[in-house]
Amino acid sequence: MSFSPILEKDVVTWTDKKDVLVVGFGGAGACSAIEAFDNGASVAIFEAASESGGSTKLSSAELYLGGGTTVQKAVGYDDSVEDVYGYLMDSNGPQADAAKVRAYAEGGAAHLDWLMALGVPFKMSEYPQRAMMALTDDCLLYTGSEKAWPYVDKYKHAPRGHNLYVEGDNGGPLFVKIITEAVEQRDIDIHIEARALRLIVDAFGPEQRVVGLVVREDMQERYYRANKGVILCAGGFVMNAEMMQQYAPELAKAGTVPIGNPNDTGGGIQMGLSVGARAINMHEGFLSVPFYPPATLTHGIFVNGQGQRFINEDAYHGRIGCYLVRQTYPVYLVLNVEDYADYETASWLAAPVAGTGETVAELAEELRLPDSGLIDTINTYNLAAQSGNDEQFHKSKEWLKPLTGPFVALDCTPGAGAFLPHFTLGGLDTTVDGQVLSVQGDVISGLYAAGRTACGVPRRGDGYASGSSVGDATFSGRRAGRQAAIA
Ligand SMILES: Cc1cc2nc3c(=O)[nH]c(=O)nc-3n(C[C@H](O)[C@H](O)[C@H](O)COP(=O)(O)OP(=O)(O)OC[C@H]3O[C@@H](n4cnc5c(N)ncnc54)[C@H](O)[C@@H]3O)c2cc1C
């Protein structure tokens, strides 16, 4: 499919003209349409699917926000903007965007209030267990590696994952219902089953301005003019096998599973590239080994094909996932049977049992691991657990517990049955206000991007925290919407 732009002068009839055209009615698109409208722009939003939502609707809609949100304060956490900033800059590594992280840290609390004003409900409570999302109707949860090495001693931690006030893992549909209603309550033109195909520019080359959009709807190609700007909020590219092979082959290694909506095919990124935008960080993504709950599995150790540990197991599941795929396979999670708990009913991991044993030697034999390797690893780990000091990998005392058997090992090797999901974190390079940048680093006039079409705050799989994608998508969508409206 060609995404090449067409020239304004070649448009015979404009179907309609608006100040701002938004591509994609997921989390980023809805929020950018609302903000553009509330800042005085006339707005139309185009969604390829037959309803709003995209991946945001499939998600838990957990939002990573801090710096003293209403819920954090109500529960008694004293979180600071500087601790959020420090943690996000550090965990997103050298590719972190300081301006975006600064805006997100400073604006996180106000963003939650804005969502609450739209009607998104949050209970003033905390879910204190180690889990990927709150499994009750509680709100606050630790969703990154804040309490784990290497971050725990550097930044004061607080729970920043905000789960909606809804029983269980049902945040996405409720979140999308509320933001969809907020769009519908405004005089915004909504086009469903309308796929944006190409951008329209006033000229080709560096002096170009993006002035519209070609859209396929009702089996026709229609031409929409944008007086102020086009905002690309079309999600990422995890469902585009060709793009994944080209940009992120490591992320899409065999045995891991792409998650997202079927339109996560990179159309927004491709439209940006077609007018000279630069895409950055395209190799990066979230890659999870969702092994908790049950939290007791954190007492176990991950070992690779040599029977060696490779990470502190109290880190965020996405950080562990990124380290896991770099190991020599197989990779096992070795536990005391007593910590297996309700794994079979509570876990998303679905890793099969690879072996059991009364002794380490028995287990090593069933796993076909070099038994001296596994014995040495477990002896070293047990000494660390007894002393409360894991010198090798710095697992916190809270989760250190000797492995005394009887043992069970779960097979977490990619391709062996475990569910190891991934999605992308690369996208169009933008300013903090969503203006798309060219390969030369200049603003492309009239073009904006937000959510996973852009490269935002979350930039590394090994530093990812749950909630930072919906958090960033809705936050960046709002900034792009406002900027396009006031341009
Ligand atoms: C199962 C699951 C659970 C997750 N849980 C969380 C979580 O709890 N917290 C978190 O932060 N992240 C989570 N994520 C990730 C997160 O949901 C997404 O990264 C985020 O919602 C992306 O938002 P977006 O607005 O950029 O894209 P989307 O919400 O996917 O919206 C993009 C929209 O654009 C439309 N579109 C695409 N191409 C076109 C086109 N050419 N024309 C018109 N429309 C088009 C799509 O149909 C889609 O509706 C989860 C993801 C999954 C799959």
# chains A, B, ... in the order shown; residues from 1 in each chain; ligands from 1
>>> residues_around(residues="region 225-237 of chain A", least_positions_apart="3", cutoff="7 Å", atoms="only C-alpha atoms", output="VMD selection string")
chain A and resid 14 16 to 24 28 to 29 210 to 213 240 243 264 to 268 424 446 to 453 484 to 485 487
>>> residues_around(residues="Asp411 (chain A)", least_positions_apart="3", cutoff="7 Å", atoms="only C-alpha atoms", output="list of chain:residue names")
A:Val331, A:Tyr332, A:Leu333, A:Ala351, A:Pro352, A:Val353, A:Ala354, A:Ala416
>>> write_last_selection(atoms="C-alpha atoms", output="short mmCIF file (atom, residue, chain, number, x, y, z; two decimals), in the first residue's frame")
data_model
loop_
_atom_site.label_atom_id
_atom_site.label_comp_id
_atom_site.auth_asym_id
_atom_site.auth_seq_id
_atom_site.Cartn_x
_atom_site.Cartn_y
_atom_site.Cartn_z
CA VAL A 331 14.79 -20.43 30.50
CA TYR A 332 13.06 -21.71 33.62
CA LEU A 333 11.47 -20.18 36.68
CA ALA A 351 4.13 -21.54 31.14
CA PRO A 352 4.00 -25.33 31.37
CA VAL A 353 5.64 -27.22 34.22
CA ALA A 354 8.98 -28.40 32.87
CA ALA A 416 7.50 -23.46 24.76
#
>>> residues_near_ligand(ligand="ligand 1", cutoff="6 Å", atoms="only C-alpha atoms and all ligand atoms", output="PyMOL selection string")
chain A and resi 23-29+46-49+52-56+58-63+194-197+233-235+259-260+263-264+267+451-453+466-471+473
>>> select_by_dssp(residues="region 131-180 of chain A", states="alpha helix (DSSP H)", output="list in words")
Gly171, Gly172, Pro173, Leu174, Phe175, Val176, Lys177, Ile178, Ile179 and Thr180 of chain A
>>> residues_around(residues="Tyr340 (chain A)", least_positions_apart="4", cutoff="12 Å", atoms="only C-alpha atoms", output="PyMOL selection string")
chain A and resi 291-300+333-336+344-347+353+356+405-410
>>> residues_around(residues="Arg368 (chain A)", least_positions_apart="6", cutoff="10 Å", atoms="only C-alpha atoms", output="PyMOL selection string")
chain A and resi 305+307+330+355+362
>>> select_by_dssp(residues="region 224-348 of chain A", states="strand (DSSP E)", output="list in words")
Tyr224, Arg225, Ala226, Asn227, Lys228, Gly229, Val230, Ile231, Leu232, Val257, Pro258, Ala279, Ile280, Gly285, Phe286, Leu287, Ile301, Phe302, Val303, Tyr332, Leu333, Val334, Leu335 and Asn336 of chain A
>>> write_last_selection(atoms="C-alpha atoms", output="compact mmCIF listing (two decimals), in the first residue's frame")
# COMPACT_ATOMS: atom_id res chain seq x y z
CA TYR A 224 -10.72 16.56 3.84
CA ARG A 225 -8.97 19.87 4.31
CA ALA A 226 -7.24 20.82 7.54
CA ASN A 227 -6.92 24.56 8.09
CA LYS A 228 -4.62 24.10 11.06
CA GLY A 229 -3.33 20.56 11.20
CA VAL A 230 -3.59 16.80 10.92
CA ILE A 231 -2.91 14.76 14.07
CA LEU A 232 -1.79 11.17 13.54
CA VAL A 257 3.17 -12.67 20.78
CA PRO A 258 2.22 -9.29 19.30
CA ALA A 279 10.96 7.71 12.97
CA ILE A 280 13.07 6.98 16.05
CA GLY A 285 9.18 -2.31 22.68
CA PHE A 286 7.51 -3.72 25.72
CA LEU A 287 8.09 -7.46 26.10
CA ILE A 301 14.63 -17.61 40.44
CA PHE A 302 14.86 -17.42 36.66
CA VAL A 303 17.67 -19.55 35.26
CA TYR A 332 13.06 -21.71 33.62
CA LEU A 333 11.47 -20.18 36.68
CA VAL A 334 12.51 -22.42 39.58
CA LEU A 335 10.38 -22.38 42.73
CA ASN A 336 9.64 -24.10 45.97
>>> residues_around(residues="Pro159 (chain A)", least_positions_apart="2", cutoff="6 Å", atoms="only C-alpha atoms", output="PyMOL selection string")
chain A and resi 140-142+161
>>> residues_around(residues="Arg160 (chain A)", least_positions_apart="2", cutoff="10 Å", atoms="only C-alpha atoms", output="PyMOL selection string")
chain A and resi 62-69+71-72+77+79+84+108+139-144+146+157-158+162-163+465-468
>>> residues_around(residues="Lys57 (chain A)", least_positions_apart="6", cutoff="12 Å", atoms="only C-alpha atoms", output="PyMOL selection string")
chain A and resi 25-28+30+51+169-180+260-261+470
>>> atom_distance(atom1="CA of Gly477 (chain A)", atom2="CA of Gly434 (chain A)")
7.7 Å
>>> closest_residue(among="A:Ala454, A:Cys31, A:Val215, A:Ala41", to="Thr431 (chain A)", atoms="only C-alpha atoms")
A:Ala454
>>> atom_distance(atom1="CA of Asp218 (chain A)", atom2="CA of Ile45 (chain A)")
15.6 Å
>>> atom_distance(atom1="CA of Ser445 (chain A)", atom2="CA of Pro94 (chain A)")
28.2 Å
>>> decode(residues="region 134-149 of chain A", atoms="all heavy atoms", output="short mmCIF file (atom, residue, chain, number, x, y, z; two decimals), in the first residue's frame")
data_model
loop_
_atom_site.label_atom_id
_atom_site.label_comp_id
_atom_site.auth_asym_id
_atom_site.auth_seq_id
_atom_site.Cartn_x
_atom_site.Cartn_y
_atom_site.Cartn_z
N ALA A 134 -4.52 -3.94 39.15
CA ALA A 134 -5.35 -4.20 40.32
C ALA A 134 -6.44 -5.21 39.94
O ALA A 134 -7.08 -5.05 38.90
CB ALA A 134 -5.96 -2.91 40.82
N LEU A 135 -6.62 -6.20 40.78
CA LEU A 135 -7.60 -7.24 40.46
C LEU A 135 -8.91 -7.02 41.20
O LEU A 135 -9.83 -7.82 41.13
CB LEU A 135 -7.01 -8.62 40.78
CG LEU A 135 -5.73 -8.92 39.98
CD1 LEU A 135 -5.06 -10.19 40.46
CD2 LEU A 135 -6.03 -9.01 38.48
N THR A 136 -8.96 -5.92 41.93
CA THR A 136 -10.19 -5.50 42.61
C THR A 136 -10.60 -4.17 41.97
O THR A 136 -10.14 -3.85 40.87
CB THR A 136 -9.90 -5.29 44.10
OG1 THR A 136 -8.86 -4.29 44.20
CG2 THR A 136 -9.42 -6.58 44.76
N ASP A 137 -11.40 -3.37 42.67
CA ASP A 137 -11.72 -2.04 42.14
C ASP A 137 -10.79 -0.97 42.69
O ASP A 137 -11.06 0.22 42.57
CB ASP A 137 -13.20 -1.69 42.40
CG ASP A 137 -13.53 -1.64 43.89
OD1 ASP A 137 -12.60 -1.78 44.71
OD2 ASP A 137 -14.72 -1.47 44.23
N ASP A 138 -9.68 -1.41 43.32
CA ASP A 138 -8.75 -0.43 43.91
C ASP A 138 -7.91 0.24 42.83
O ASP A 138 -7.80 -0.24 41.71
CB ASP A 138 -7.84 -1.14 44.93
CG ASP A 138 -8.65 -1.55 46.14
OD1 ASP A 138 -9.30 -0.67 46.73
OD2 ASP A 138 -8.66 -2.76 46.48
N CYS A 139 -7.28 1.34 43.24
CA CYS A 139 -6.62 2.19 42.24
C CYS A 139 -5.10 2.03 42.18
O CYS A 139 -4.55 1.49 41.23
CB CYS A 139 -6.99 3.64 42.52
SG CYS A 139 -6.24 4.79 41.35
N LEU A 140 -4.42 2.52 43.19
CA LEU A 140 -2.96 2.68 43.09
C LEU A 140 -2.21 1.36 43.19
O LEU A 140 -2.51 0.52 44.04
CB LEU A 140 -2.47 3.57 44.23
CG LEU A 140 -2.59 5.08 44.04
CD1 LEU A 140 -2.03 5.77 45.26
CD2 LEU A 140 -1.86 5.53 42.78
N LEU A 141 -1.19 1.24 42.35
CA LEU A 141 -0.40 0.02 42.31
C LEU A 141 1.02 0.36 41.85
O LEU A 141 1.18 1.22 40.98
CB LEU A 141 -1.06 -0.93 41.30
CG LEU A 141 -0.43 -2.28 41.01
CD1 LEU A 141 -0.63 -3.21 42.21
CD2 LEU A 141 -1.09 -2.92 39.78
N TYR A 142 2.00 -0.32 42.43
CA TYR A 142 3.35 -0.19 41.88
C TYR A 142 3.38 -0.95 40.56
O TYR A 142 3.12 -2.14 40.53
CB TYR A 142 4.38 -0.79 42.83
CG TYR A 142 4.78 0.12 43.96
CD1 TYR A 142 4.13 0.06 45.19
CD2 TYR A 142 5.79 1.06 43.79
CE1 TYR A 142 4.49 0.91 46.23
CE2 TYR A 142 6.16 1.92 44.83
CZ TYR A 142 5.51 1.83 46.04
OH TYR A 142 5.86 2.68 47.06
N THR A 143 3.71 -0.27 39.46
CA THR A 143 3.64 -0.95 38.16
C THR A 143 4.96 -0.92 37.39
O THR A 143 5.00 -1.34 36.23
CB THR A 143 2.55 -0.31 37.27
OG1 THR A 143 2.88 1.07 37.11
CG2 THR A 143 1.18 -0.48 37.85
N GLY A 144 6.02 -0.44 38.00
CA GLY A 144 7.32 -0.47 37.34
C GLY A 144 8.33 -1.16 38.23
O GLY A 144 7.98 -2.03 39.03
N SER A 145 9.57 -0.76 38.11
CA SER A 145 10.64 -1.35 38.93
C SER A 145 11.09 -0.37 40.02
O SER A 145 12.23 -0.41 40.46
CB SER A 145 11.84 -1.73 38.05
OG SER A 145 11.51 -2.74 37.14
N GLU A 146 10.18 0.49 40.47
CA GLU A 146 10.57 1.54 41.43
C GLU A 146 11.13 0.97 42.72
O GLU A 146 12.00 1.58 43.34
CB GLU A 146 9.36 2.43 41.79
CG GLU A 146 8.75 3.19 40.65
CD GLU A 146 7.65 2.39 39.96
OE1 GLU A 146 7.57 1.17 40.15
OE2 GLU A 146 6.88 3.01 39.21
N LYS A 147 10.58 -0.18 43.16
CA LYS A 147 11.03 -0.74 44.44
C LYS A 147 12.16 -1.75 44.26
O LYS A 147 12.54 -2.43 45.19
CB LYS A 147 9.85 -1.41 45.15
CG LYS A 147 8.83 -0.40 45.67
CD LYS A 147 8.01 -0.97 46.81
CE LYS A 147 6.98 -1.96 46.36
NZ LYS A 147 6.11 -2.44 47.45
N ALA A 148 12.65 -1.86 43.03
CA ALA A 148 13.68 -2.87 42.74
C ALA A 148 14.98 -2.20 42.31
O ALA A 148 14.99 -1.04 41.87
CB ALA A 148 13.18 -3.81 41.63
N TRP A 149 16.06 -2.97 42.44
CA TRP A 149 17.35 -2.52 41.92
C TRP A 149 17.25 -2.37 40.39
O TRP A 149 16.56 -3.18 39.79
CB TRP A 149 18.41 -3.57 42.29
CG TRP A 149 19.81 -3.14 41.97
CD1 TRP A 149 20.66 -2.43 42.76
CD2 TRP A 149 20.50 -3.40 40.75
NE1 TRP A 149 21.83 -2.22 42.11
CE2 TRP A 149 21.78 -2.81 40.87
CE3 TRP A 149 20.18 -4.06 39.55
CZ2 TRP A 149 22.72 -2.86 39.85
CZ3 TRP A 149 21.11 -4.10 38.54
CH2 TRP A 149 22.38 -3.51 38.70
#
